[in-house]
Amino acid sequence: MNMITAKDLCRDFKLGDGTTFRVLNNIQIEIPEKKLAILRGPSGSGKTTLMNIIGALDMPTAGTVTFDGKNITAMSEAKREQLRRRDIGFIFQSVSLIPIMTAYENVEFALRMGGGKMSKAETKARVTECLSMVGLAGRMNHMPQELSGGEQQRVAIARAIAHRPKVIFADEPTAELDSLTAKAVVQIFKKLVEQEQVTIIMTTHDVGLMDMADVVYMLEDGEIVKNG
Ligand SMILES: Nc1ncnc2c1ncn2[C@@H]1O[C@H](COP(=O)(O)OP(=O)(O)OP(=O)(O)O)[C@@H](O)[C@H]1O
Ligand SMILES: [Mg+2]
């Protein structure tokens with residue numbers, strides 16, 4: 001089954017001088033469920049733009065996106081917001097943990113925002129489980145500034161997965177990490193795909209990470225040029 005299918009996607013931006021600039025040109029993409037997918041391509045090729053559209057953050061100028069069987073390009077903004085909150089987790093290049101909360105509290109806060117009704121005990125168990133899955137059982141009470149860059153990114157991963165989303169979108173999650181730490185983060189993604197049955201889509205420039213993915217899509221000048 002495909003988790004996400006995009007058909008004939010175009011995204012145009014209006015520039016300040018009144019002209020139109022086409023960033024995505026007739027994209028076709030099928031992303032299988034419960035896999036780790038990598039979206040690669042040079043800077044400016046449209047990776048973030050595409051990810052924002054299939055992640056229901058942005059609307060295409062033309063084309064449709066089907067997410068878990070639902071046409072999200074035909075949904076109301078309220079429905080899209082609900083889908084983002086319940087079914088999607090986002091991870092960004094620059095980790096944005098809340099600086100006055102511990103690792104534990106950061107994940108707990110996100111889990112509460114995720115919407116599901118959970119008892120105190122269930123919440124505690126899930127937060128602990130997620131931090132353990134990313135190898136941070138021993139760092140739960142550290143503040144963000146008391147964690148290394150790689151550890152902070154792992155808290156962000158625990159935070160993204162806690163509410164059991166169907167899909168995690170990670171935009172250049174390893175760009176600020178050294179190559180060994182970057183590999184460790186992708187290893188965690190692979191583990192989460194197995195254990196949590198989640199679909200993960202990440203963008204990266206790092207060619208050293210490609211063979212860790214189940215599927216790689218290559219974007220060039222707003223078009224998918226390679227798929228495999
Ligand atoms: N709001 C906007 N208005 C006009 N052009 C935009 C806008 N957002 C993005 N673009 C253009 O779209 C192109 C693709 O941008 P995008 O951020 O998707 O690239 P990317 O592949 O993620 O690059 P990077 O690897 O540097 O993050 C760029 O050339 C950029 O100038
Ligand atoms: Mg980008």
# chains A, B, ... in the order shown; residues from 1 in each chain; ligands from 1
call {"tool": "closest_atom_pairs", "arguments": {"of": "chain A", "to": "ligand 1", "cutoff": "12 Å", "atoms": "only C-alpha atoms and all ligand atoms", "output": "tab-separated table"}}
result
residue	atom	partner	partner_atom_place_in_ligand_line	distance
A:Cys10	CA	ligand 1	12 (O)	11.6
A:Arg11	CA	ligand 1	12 (O)	8.9
A:Asp12	CA	ligand 1	4 (C)	7.9
A:Phe13	CA	ligand 1	4 (C)	4.8
A:Lys14	CA	ligand 1	4 (C)	6.4
A:Leu15	CA	ligand 1	4 (C)	5.7
A:Gly16	CA	ligand 1	4 (C)	8.5
A:Asp17	CA	ligand 1	4 (C)	10.9
A:Gly18	CA	ligand 1	4 (C)	11.1
A:Thr19	CA	ligand 1	4 (C)	10.0
A:Thr20	CA	ligand 1	4 (C)	8.5
A:Phe21	CA	ligand 1	5 (N)	6.5
A:Arg22	CA	ligand 1	12 (O)	7.6
A:Val23	CA	ligand 1	12 (O)	4.9
A:Leu24	CA	ligand 1	14 (C)	7.9
A:Asn25	CA	ligand 1	12 (O)	11.2
A:Leu39	CA	ligand 1	21 (O)	9.2
A:Arg40	CA	ligand 1	21 (O)	7.9
A:Gly41	CA	ligand 1	21 (O)	6.3
A:Pro42	CA	ligand 1	25 (O)	5.7
A:Ser43	CA	ligand 1	25 (O)	3.4
A:Gly44	CA	ligand 1	19 (O)	3.6
A:Ser45	CA	ligand 1	21 (O)	4.0
A:Gly46	CA	ligand 1	18 (O)	3.1
A:Lys47	CA	ligand 1	21 (O)	3.7
A:Thr48	CA	ligand 1	22 (O)	3.7
A:Thr49	CA	ligand 1	18 (O)	3.7
A:Leu50	CA	ligand 1	18 (O)	6.4
A:Met51	CA	ligand 1	18 (O)	8.0
A:Asn52	CA	ligand 1	18 (O)	8.5
A:Ile53	CA	ligand 1	18 (O)	10.1
A:Asp58	CA	ligand 1	1 (N)	10.5
A:Phe92	CA	ligand 1	27 (O)	10.9
A:Gln93	CA	ligand 1	27 (O)	9.5
A:Ala170	CA	ligand 1	22 (O)	11.5
A:Asp171	CA	ligand 1	27 (O)	8.0
A:Glu172	CA	ligand 1	27 (O)	7.5
A:Pro173	CA	ligand 1	27 (O)	11.1
A:Ala175	CA	ligand 1	25 (O)	9.8
A:Met202	CA	ligand 1	22 (O)	11.1
A:Thr203	CA	ligand 1	22 (O)	8.0
A:Thr204	CA	ligand 1	25 (O)	7.5
A:His205	CA	ligand 1	25 (O)	7.1
A:Asp206	CA	ligand 1	25 (O)	10.7
A:Met218	CA	ligand 1	21 (O)	10.4
A:Leu219	CA	ligand 1	21 (O)	7.8
A:Glu220	CA	ligand 1	21 (O)	8.4
A:Asp221	CA	ligand 1	14 (C)	8.1
A:Gly222	CA	ligand 1	14 (C)	7.4
A:Glu223	CA	ligand 1	21 (O)	10.8
A:Ile224	CA	ligand 1	21 (O)	11.7
call {"tool": "select_by_dssp", "arguments": {"residues": "segment 104-143 of chain A", "states": "alpha helix (DSSP H)", "output": "list of chain:residue names"}}
result
A:Tyr104, A:Glu105, A:Asn106, A:Val107, A:Glu108, A:Phe109, A:Ala110, A:Leu111, A:Arg112, A:Met113, A:Lys120, A:Ala121, A:Glu122, A:Thr123, A:Lys124, A:Ala125, A:Arg126, A:Val127, A:Thr128, A:Glu129, A:Cys130, A:Leu131, A:Ser132, A:Met133
call {"tool": "residues_around", "arguments": {"residues": "Leu83 of chain A", "least_positions_apart": "2", "cutoff": "12 Å", "atoms": "only C-alpha atoms", "output": "count of residues only"}}
result
26
call {"tool": "closest_residue", "arguments": {"among": "A:Val225, A:Ser94, A:Val207, A:Asp178", "to": "ligand 2", "atoms": "only C-alpha atoms and all ligand atoms"}}
result
A:Ser94
call {"tool": "atom_distance", "arguments": {"atom1": "atom CA of Thr64 of chain A", "atom2": "atom CA of Lys7 of chain A"}}
result
5.3 Å
call {"tool": "residues_around", "arguments": {"residues": "segment 128-137 of chain A", "least_positions_apart": "2", "cutoff": "9 Å", "atoms": "only C-alpha atoms", "output": "PyMOL selection string"}}
result
chain A and resi 103-104+107+123-126+139-140+151+154-155+157-159+161-162+185+188+191-192
call {"tool": "write_last_selection", "arguments": {"atoms": "C-alpha atoms", "output": "PDB file, in the first residue's frame"}}
result
ATOM      1  CA  ALA A 103      14.114  16.171  27.501  1.00  0.00           C
ATOM      2  CA  TYR A 104      11.268  14.343  29.259  1.00  0.00           C
ATOM      3  CA  VAL A 107       8.363  14.931  24.716  1.00  0.00           C
ATOM      4  CA  THR A 123       1.682   9.349  29.232  1.00  0.00           C
ATOM      5  CA  LYS A 124       4.654   8.629  31.480  1.00  0.00           C
ATOM      6  CA  ALA A 125       5.091   5.159  29.983  1.00  0.00           C
ATOM      7  CA  ARG A 126       4.946   6.464  26.408  1.00  0.00           C
ATOM      8  CA  ARG A 139      19.255  11.700  29.749  1.00  0.00           C
ATOM      9  CA  MET A 140      15.571  12.291  30.445  1.00  0.00           C
ATOM     10  CA  GLU A 151      21.213  13.981  21.544  1.00  0.00           C
ATOM     11  CA  ARG A 154      17.198  12.409  19.148  1.00  0.00           C
ATOM     12  CA  VAL A 155      14.892  14.182  21.622  1.00  0.00           C
ATOM     13  CA  ILE A 157      12.763  12.386  17.089  1.00  0.00           C
ATOM     14  CA  ALA A 158      11.208  11.073  20.315  1.00  0.00           C
ATOM     15  CA  ARG A 159       8.974  14.141  20.341  1.00  0.00           C
ATOM     16  CA  ILE A 161       7.007   9.910  17.255  1.00  0.00           C
ATOM     17  CA  ALA A 162       5.348  10.086  20.708  1.00  0.00           C
ATOM     18  CA  VAL A 185      20.121   9.097  13.510  1.00  0.00           C
ATOM     19  CA  ILE A 188      17.157   5.147  14.692  1.00  0.00           C
ATOM     20  CA  LYS A 191      14.398   1.028  13.968  1.00  0.00           C
ATOM     21  CA  LEU A 192      11.305   3.222  14.322  1.00  0.00           C
TER      22      LEU A 192
END
call {"tool": "closest_residue", "arguments": {"among": "A:Ala121, A:Leu147, A:Ala184, A:Ala160", "to": "Phe109 of chain A", "atoms": "only C-alpha atoms"}}
result
A:Ala160
call {"tool": "closest_residue", "arguments": {"among": "A:Asp8, A:Glu176, A:Ala182, A:Gly150", "to": "Gly208 of chain A", "atoms": "only C-alpha atoms"}}
result
A:Ala182
call {"tool": "select_by_dssp", "arguments": {"residues": "segment 16-193 of chain A", "states": "strand (DSSP E)", "output": "ChimeraX atom specification"}}
result
/A:20-32,36-40,62-67,70-71,88-91,167-171
